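The next block holds one structure in the form of structure tokens; read it before the comments.
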There are 2 protein chains.
Amino acid sequence: MRIAGLMSGTSADGVDVAVIDIKKDNVRVLGFETFEYPKELRKNILDLCYGKTCKVEDICHLNFVLGEVFTESVITLCQKNRIKLSTIDLIGSHGQTIYHNPKGKLFGKKVIRSTLQIAEPSIIAYRTGITTVADFRPKDMAAGGQGAPLVPFADFFLFRDKKLNRAVQNIGGIANVTYLPANCKTENVIAFDTGPGNMIIDGMISIISKGRKKFDRNGSFAEKGRVDKNTLDALLKHPFLKIRPPKSTGREDFGSRYCKYLYDKLIKKRLLPENIIATVTAFTAVSIARAYKRFLPKIPDEVILCGGGARNKILIKMLEQQLGQTKFLLSDELGISSDAKEAVSFAILAYAAVNGIANNITGATGAQKPLVLGKIALP
Amino acid sequence: MRIAGLMSGTSADGVDVAVIDIKKDNVRVLGFETFEYPKELRKNILDLCYGKTCKVEDICHLNFVLGEVFTESVITLCQKNRIKLSTIDLIGSHGQTIYHNPKGKLFGKKVIRSTLQIAEPSIIAYRTGITTVADFRPKDMAAGGQGAPLVPFADFFLFRDKKLNRAVQNIGGIANVTYLPANCKTENVIAFDTGPGNMIIDGMISIISKGRKKFDRNGSFAEKGRVDKNTLDALLKHPFLKIRPPKSTGREDFGSRYCKYLYDKLIKKRLLPENIIATVTAFTAVSIARAYKRFLPKIPDEVILCGGGARNKILIKMLEQQLGQTKFLLSDELGISSDAKEAVSFAILAYAAVNGIANNITGATGAQKPLVLGKIALP
């Protein structure tokens, strides 16, 4: 089965498209690209997301506009990679999240949790002539789940092993782990945010470079510094690290406000910039390792790394030091490029949906039971 | 197959629920009821519809709230009619339209037409345990159609005849006809708004009674009056009546502003109130008859009446006088109560969707081709 996966993150930069072939459980990526949104479209989407008032007609319009944009991106990717559109059997689309409220809001005496993704799948299905599965979150929320994260199902599908206990460690802004015990079923999978990923490192680099640099390429800045043990110990007291999973975090915990506060404190302690970066890099590494030791049934035999942080050599070296026996590899080494993984995930979720395979991980979302998520739009 | 149909109109009064059994092409209605929305919910929906600014979170929330409300109404109807929920195979839900823009809006150089119905089908499917088909409009619009009207497909399904040319005449606020030539296929069906239904009659009754009466029950007020021929001829010059179908009209043409203007004019002409009502009733009847004569390939052998106007005896009598050879009957006489027909229609549309039967009427919506409309949410 040949499937296209479409994903757009909350930053609303653009849409990721991947095309994969699935043969039994074997996945091969045929093509991948990120298509940036036109500037004004991105602005319009972010205006919606960040609580500015709008009119219903704006949302109605943007839903159909994004349906067209998603369609164009699939068609363009196929042309560039010489994939005939007619050979694609299925499309899975996460859509563009414009609101997500897992805590819920009262309606009468009932708490109603809700989520809203746009990029009309009927448009995608009609224009491409390909059955499109979308809207994966709502049913998980109907069943008491958070509607997210959804990628752990793809981690399970792609990386579970008969004999090895594996973890898939994504290091984006936030770091999150999917734990796949040997020979596991979806019910045995655990997934949660371990804490900061690149967010603090990026934040500090940005402050130190006065906005000229966005991240510590290859960890080369951290490499020059020394970890300040006292500071590291203090950072590791962050309350999020002790919360039992399932749990999730974000900018509210480790974003620019936290970084500003921390930077001012460390400068007062006369830490050199390179030592600051080394120390917050260690914080990320140790917080991941401690999460494993505290919350996973066993320390994984193998950790499969993905996300931008997987390219930070010092971060990974520190992580390896923390988990002595564990083998580390990049998802790329297993055939799934780190960049493509999210888009690939939604192709896999759609594959499961049309085959009637439950595609939520209750140990990740907290839903009451395994469910086949996704609404189906026929071409 | 046992199917529940759910429909909520643009007035957002509440949700209509019907449960039907389909055996071959035979439809039997097992239960029907309208469940009014709680007052505040209705206010919130109408606030969205009438262009007030809102937040994305309001729409996100209301989509899930209406999912719960629709679910409850199906469950309650089943309990009242002693229908076991587990015997229902399928649900078809139109949802609550909160925006519909068939004319479209520019995105770059492209005109994007769009529509937005809410009442999350994943919630309905999960809570009831029944596959739910919803969102019928978007794909028709993707194919260049108006996304509406959708009921003509149900008219075709319910009322087409091997030998007779039939018309289904709905007389709601606006009057609309579905023409079903003998032994027709969906491609041969024509449907359009003929012009005013009860809208002008109701408007005049309301002005004359200073808001105490809402409509001319049984046509008893019109019965006392005489039609003013000159006025009728003038009314029949309304430009909408000459437009070739497909066409649609609404409050913008025949709503309260038109009524106020017309009333002032007729009072100046010293028409008695009962003569005013008789005359506007004749306007409705003659505009329907003229639409048949102008735009239908043949005058129908039978007209099946539905909508509130079907109960206005004088209106129907006038219509019969206009179309001498035609037999008139109520949809109720063919087993489908006029009140239930819209909800029944969405059960039929869902039935077609899961059986892969094209369920749009291109002669009604203007879509480029017959399509299977509806997104499928599995339980």
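The way I read the labels, and the way they are meant: chains A, B, ... in the order of the structure tokens, residue 1 as the first residue of every chain, and ligand 1 as the first ligand shown, with later ones counted on from there.
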TODO: Can you check which residues of chain A have any atom within 6 Å of chain B? Use only C-alpha atoms and format it as a list in words.
DONE: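 Those within range of chain B come out as Thr53, Cys54, Lys55, Cys60, His61, Phe64, Ser114, Thr115, Leu116, Ser122, Ile123, Lys139, Ala142, Lys375, Ile376 and Ala377 of chain A.
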Polymer residues at most 9 Å from segment 11-27 of chain B, only C-alpha atoms, same-chain spacing of 4 or more positions, as an mmCIF file with C-alpha atoms, in the first residue's frame:
data_model
loop_
_atom_site.group_PDB
_atom_site.id
_atom_site.type_symbol
_atom_site.label_atom_id
_atom_site.label_comp_id
_atom_site.auth_asym_id
_atom_site.auth_seq_id
_atom_site.Cartn_x
_atom_site.Cartn_y
_atom_site.Cartn_z
ATOM 1 C CA MET B 1 -30.873 -1.408 7.597
ATOM 2 C CA ARG B 2 -31.955 0.792 10.513
ATOM 3 C CA ILE B 3 -30.712 4.361 10.372
ATOM 4 C CA ALA B 4 -31.037 7.514 12.429
ATOM 5 C CA GLY B 5 -31.058 10.885 10.696
ATOM 6 C CA LEU B 6 -30.139 14.168 12.373
ATOM 7 C CA MET B 7 -30.808 17.641 11.040
ATOM 8 C CA GLY B 31 -39.861 7.543 15.304
ATOM 9 C CA PHE B 32 -39.415 11.275 14.994
ATOM 10 C CA GLU B 33 -38.982 14.205 17.343
ATOM 11 C CA THR B 34 -37.531 17.695 17.471
ATOM 12 C CA PHE B 35 -35.334 18.366 20.492
ATOM 13 C CA GLU B 36 -35.064 22.062 21.247
ATOM 14 C CA TYR B 37 -31.646 23.446 22.100
ATOM 15 C CA PRO B 38 -31.241 24.980 25.553
ATOM 16 C CA LYS B 39 -31.800 28.741 25.249
ATOM 17 C CA ARG B 42 -29.113 28.572 20.766
ATOM 18 C CA LYS B 43 -27.956 32.090 21.539
ATOM 19 C CA ILE B 45 -24.875 29.343 17.969
ATOM 20 C CA LEU B 46 -26.770 32.291 16.512
ATOM 21 C CA VAL B 69 -26.451 17.167 22.280
ATOM 22 C CA PHE B 70 -27.053 15.267 19.021
ATOM 23 C CA SER B 73 -31.287 13.334 21.272
ATOM 24 C CA VAL B 74 -30.788 10.040 19.415
ATOM 25 C CA LEU B 77 -35.769 9.313 20.849
ATOM 26 C CA CYS B 78 -34.886 5.632 20.944
ATOM 27 C CA ILE B 83 -36.021 1.270 19.848
ATOM 28 C CA ILE B 88 -29.376 1.018 14.729
ATOM 29 C CA ILE B 91 -26.388 7.522 11.712
ATOM 30 C CA GLY B 95 -24.818 19.028 11.584
ATOM 31 C CA GLN B 96 -25.495 22.629 12.447
ATOM 32 C CA THR B 97 -24.508 25.023 9.692
ATOM 33 C CA PHE B 157 -34.955 7.999 -3.214
ATOM 34 C CA LEU B 158 -38.381 8.180 -1.576
ATOM 35 C CA GLY B 335 -45.649 7.276 4.729
ATOM 36 C CA ILE B 336 -43.231 10.160 5.346
ATOM 37 C CA ASP B 339 -42.177 17.189 9.812
ATOM 38 C CA ALA B 340 -39.797 14.228 9.760
ATOM 39 C CA LYS B 341 -38.769 14.503 6.139
ATOM 40 C CA GLU B 342 -35.572 16.524 6.582
ATOM 41 C CA ALA B 343 -34.192 14.262 9.310
ATOM 42 C CA VAL B 344 -35.232 11.207 7.270
ATOM 43 C CA ALA B 347 -30.566 8.991 7.178
ATOM 44 C CA ILE B 348 -31.042 8.256 3.461
ATOM 45 C CA TYR B 351 -27.357 4.995 3.658
#
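Here atom CA of Ser331 of chain B is placed at a distance of 19.5 Å from atom CA of Thr284 of chain B.
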Open item on the list: Based on the backbone DSSP call, show me all residues of segment 83-317 of chain B assigned helix (DSSP H, G or I), as a ChimeraX atom specification.
Closed with: /B:85-87,121-128,137-142,151-159,186-188,199-208,217-224,229-235,239-242,251-254,256-268,273-295,308-311,313-317
Open item on the list: Neighbouring residues of segment 270-279 of chain B were defined as those with any atom within 8 Å, considering only C-alpha atoms; residues of the same chain fewer than 5 positions away were excluded. Please report them as a PyMOL selection string.
Closed with: chain B and resi 201+204-205+208+221-229+231-232
Open item on the list: Could you go through segment 99-327 of chain A and tell me which residues DSSP, when run on the backbone, assigns to strand (DSSP E or B), listing them as a ChimeraX atom specification?
Closed with: /A:99-107,110-118,132-134,166-171,174-180,190-196,302-306,327
- [ ] Go through A:Gly211, A:Gly108, A:Gly203, A:Gly195 and flag the residue nearest Leu262 of chain A, using only C-alpha atoms for the distances.
- [x]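 For Leu262 of chain A, the nearest of the candidates is A:Gly203.
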TODO: Grab the atom CA of Ile118 of chain A to atom CA of His94 of chain A distance for me, in Å with one decimal place.
DONE: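 Separation of atom CA of Ile118 of chain A and atom CA of His94 of chain A: 8.6 Å.
Between atom CA of Ala191 of chain B and atom CA of Thr128 of chain A the interatomic distance comes to 29.0 Å.
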Any idea what's packed within 8 Å of segment 166-183 of chain A, counting only C-alpha atoms, ignoring anything in its chain fewer than 6 positions away? Could you give it as a PDB file with N, CA and C atoms, in the first residue's frame?
ATOM      1  N   PRO A 152       3.256   8.167  18.951  1.00  0.00           N
ATOM      2  CA  PRO A 152       3.693   6.901  19.555  1.00  0.00           C
ATOM      3  C   PRO A 152       3.142   5.652  18.856  1.00  0.00           C
ATOM      4  N   ASP A 155       5.559   5.059  16.201  1.00  0.00           N
ATOM      5  CA  ASP A 155       6.794   4.527  16.805  1.00  0.00           C
ATOM      6  C   ASP A 155       6.649   3.026  17.031  1.00  0.00           C
ATOM      7  N   PHE A 156       5.492   2.654  17.575  1.00  0.00           N
ATOM      8  CA  PHE A 156       5.187   1.236  17.809  1.00  0.00           C
ATOM      9  C   PHE A 156       5.227   0.463  16.498  1.00  0.00           C
ATOM     10  N   PHE A 159       9.067   0.666  15.018  1.00  0.00           N
ATOM     11  CA  PHE A 159      10.310   0.360  15.732  1.00  0.00           C
ATOM     12  C   PHE A 159      10.207  -0.726  16.809  1.00  0.00           C
ATOM     13  N   ARG A 160       9.012  -1.271  17.046  1.00  0.00           N
ATOM     14  CA  ARG A 160       8.939  -2.317  18.072  1.00  0.00           C
ATOM     15  C   ARG A 160       9.789  -3.508  17.633  1.00  0.00           C
ATOM     16  N   VAL A 189       2.577   0.002  25.467  1.00  0.00           N
ATOM     17  CA  VAL A 189       3.425   1.139  25.121  1.00  0.00           C
ATOM     18  C   VAL A 189       3.195   2.280  26.116  1.00  0.00           C
ATOM     19  N   ILE A 190       4.283   2.933  26.487  1.00  0.00           N
ATOM     20  CA  ILE A 190       4.203   4.108  27.356  1.00  0.00           C
ATOM     21  C   ILE A 190       4.819   5.272  26.576  1.00  0.00           C
ATOM     22  N   ALA A 191       4.203   6.429  26.674  1.00  0.00           N
ATOM     23  CA  ALA A 191       4.803   7.597  26.014  1.00  0.00           C
ATOM     24  C   ALA A 191       4.476   8.835  26.816  1.00  0.00           C
ATOM     25  N   PHE A 192       5.453   9.701  26.961  1.00  0.00           N
ATOM     26  CA  PHE A 192       5.238  10.948  27.704  1.00  0.00           C
ATOM     27  C   PHE A 192       6.360  11.925  27.397  1.00  0.00           C
ATOM     28  N   ASP A 193       6.155  13.182  27.774  1.00  0.00           N
ATOM     29  CA  ASP A 193       7.203  14.191  27.651  1.00  0.00           C
ATOM     30  C   ASP A 193       8.185  14.009  28.809  1.00  0.00           C
ATOM     31  N   THR A 194       9.472  13.920  28.466  1.00  0.00           N
ATOM     32  CA  THR A 194      10.470  13.772  29.533  1.00  0.00           C
ATOM     33  C   THR A 194      10.849  15.117  30.138  1.00  0.00           C
ATOM     34  N   GLY A 195      10.623  16.183  29.407  1.00  0.00           N
ATOM     35  CA  GLY A 195      10.974  17.526  29.888  1.00  0.00           C
ATOM     36  C   GLY A 195      11.492  18.365  28.742  1.00  0.00           C
ATOM     37  N   PRO A 196      12.436  19.274  29.004  1.00  0.00           N
ATOM     38  CA  PRO A 196      12.936  20.124  27.923  1.00  0.00           C
ATOM     39  C   PRO A 196      13.696  19.307  26.888  1.00  0.00           C
ATOM     40  N   GLY A 197      13.591  19.739  25.640  1.00  0.00           N
ATOM     41  CA  GLY A 197      14.407  19.172  24.567  1.00  0.00           C
ATOM     42  C   GLY A 197      15.448  20.221  24.216  1.00  0.00           C
ATOM     43  N   ASN A 198      15.269  20.843  23.059  1.00  0.00           N
ATOM     44  CA  ASN A 198      16.200  21.917  22.685  1.00  0.00           C
ATOM     45  C   ASN A 198      15.765  23.283  23.200  1.00  0.00           C
ATOM     46  N   MET A 199      14.613  23.324  23.828  1.00  0.00           N
ATOM     47  CA  MET A 199      14.004  24.628  24.109  1.00  0.00           C
ATOM     48  C   MET A 199      14.892  25.540  24.957  1.00  0.00           C
ATOM     49  N   THR A 249       4.371  18.742  28.615  1.00  0.00           N
ATOM     50  CA  THR A 249       4.825  20.083  28.988  1.00  0.00           C
ATOM     51  C   THR A 249       5.019  20.913  27.729  1.00  0.00           C
ATOM     52  N   GLY A 250       5.437  22.146  27.879  1.00  0.00           N
ATOM     53  CA  GLY A 250       5.576  23.003  26.704  1.00  0.00           C
ATOM     54  C   GLY A 250       6.221  24.325  27.062  1.00  0.00           C
ATOM     55  N   ILE A 288      16.248  13.474  30.668  1.00  0.00           N
ATOM     56  CA  ILE A 288      15.785  12.334  29.863  1.00  0.00           C
ATOM     57  C   ILE A 288      16.167  11.019  30.566  1.00  0.00           C
ATOM     58  N   LEU A 296      10.266   4.198  33.475  1.00  0.00           N
ATOM     59  CA  LEU A 296      10.171   3.066  32.560  1.00  0.00           C
ATOM     60  C   LEU A 296      10.379   1.766  33.338  1.00  0.00           C
ATOM     61  N   PRO A 300      15.897   0.899  28.495  1.00  0.00           N
ATOM     62  CA  PRO A 300      15.852   0.286  27.157  1.00  0.00           C
ATOM     63  C   PRO A 300      17.213  -0.223  26.683  1.00  0.00           C
ATOM     64  N   ASP A 301      17.157  -1.316  25.899  1.00  0.00           N
ATOM     65  CA  ASP A 301      18.383  -1.837  25.287  1.00  0.00           C
ATOM     66  C   ASP A 301      18.868  -0.889  24.194  1.00  0.00           C
ATOM     67  N   GLU A 302      17.912  -0.332  23.475  1.00  0.00           N
ATOM     68  CA  GLU A 302      18.256   0.587  22.386  1.00  0.00           C
ATOM     69  C   GLU A 302      17.407   1.846  22.477  1.00  0.00           C
ATOM     70  N   VAL A 303      18.042   2.984  22.178  1.00  0.00           N
ATOM     71  CA  VAL A 303      17.293   4.235  22.059  1.00  0.00           C
ATOM     72  C   VAL A 303      17.424   4.732  20.621  1.00  0.00           C
ATOM     73  N   ILE A 304      16.278   4.954  20.000  1.00  0.00           N
ATOM     74  CA  ILE A 304      16.259   5.466  18.628  1.00  0.00           C
ATOM     75  C   ILE A 304      15.991   6.963  18.705  1.00  0.00           C
ATOM     76  N   LEU A 305      16.930   7.732  18.224  1.00  0.00           N
ATOM     77  CA  LEU A 305      16.858   9.187  18.373  1.00  0.00           C
ATOM     78  C   LEU A 305      16.250   9.860  17.152  1.00  0.00           C
ATOM     79  N   CYS A 306      15.426  10.841  17.405  1.00  0.00           N
ATOM     80  CA  CYS A 306      14.945  11.675  16.302  1.00  0.00           C
ATOM     81  C   CYS A 306      14.690  13.087  16.805  1.00  0.00           C
ATOM     82  N   GLY A 307      14.335  13.993  15.893  1.00  0.00           N
ATOM     83  CA  GLY A 307      14.184  15.407  16.251  1.00  0.00           C
ATOM     84  C   GLY A 307      15.524  16.114  16.097  1.00  0.00           C
ATOM     85  N   GLY A 308      15.473  17.440  16.053  1.00  0.00           N
ATOM     86  CA  GLY A 308      16.683  18.240  15.832  1.00  0.00           C
ATOM     87  C   GLY A 308      17.782  17.961  16.853  1.00  0.00           C
ATOM     88  N   GLY A 309      17.403  17.689  18.110  1.00  0.00           N
ATOM     89  CA  GLY A 309      18.379  17.461  19.164  1.00  0.00           C
ATOM     90  C   GLY A 309      19.244  16.228  18.933  1.00  0.00           C
ATOM     91  N   ALA A 310      18.780  15.311  18.097  1.00  0.00           N
ATOM     92  CA  ALA A 310      19.565  14.107  17.797  1.00  0.00           C
ATOM     93  C   ALA A 310      20.868  14.475  17.094  1.00  0.00           C
TER      94      ALA A 310
END
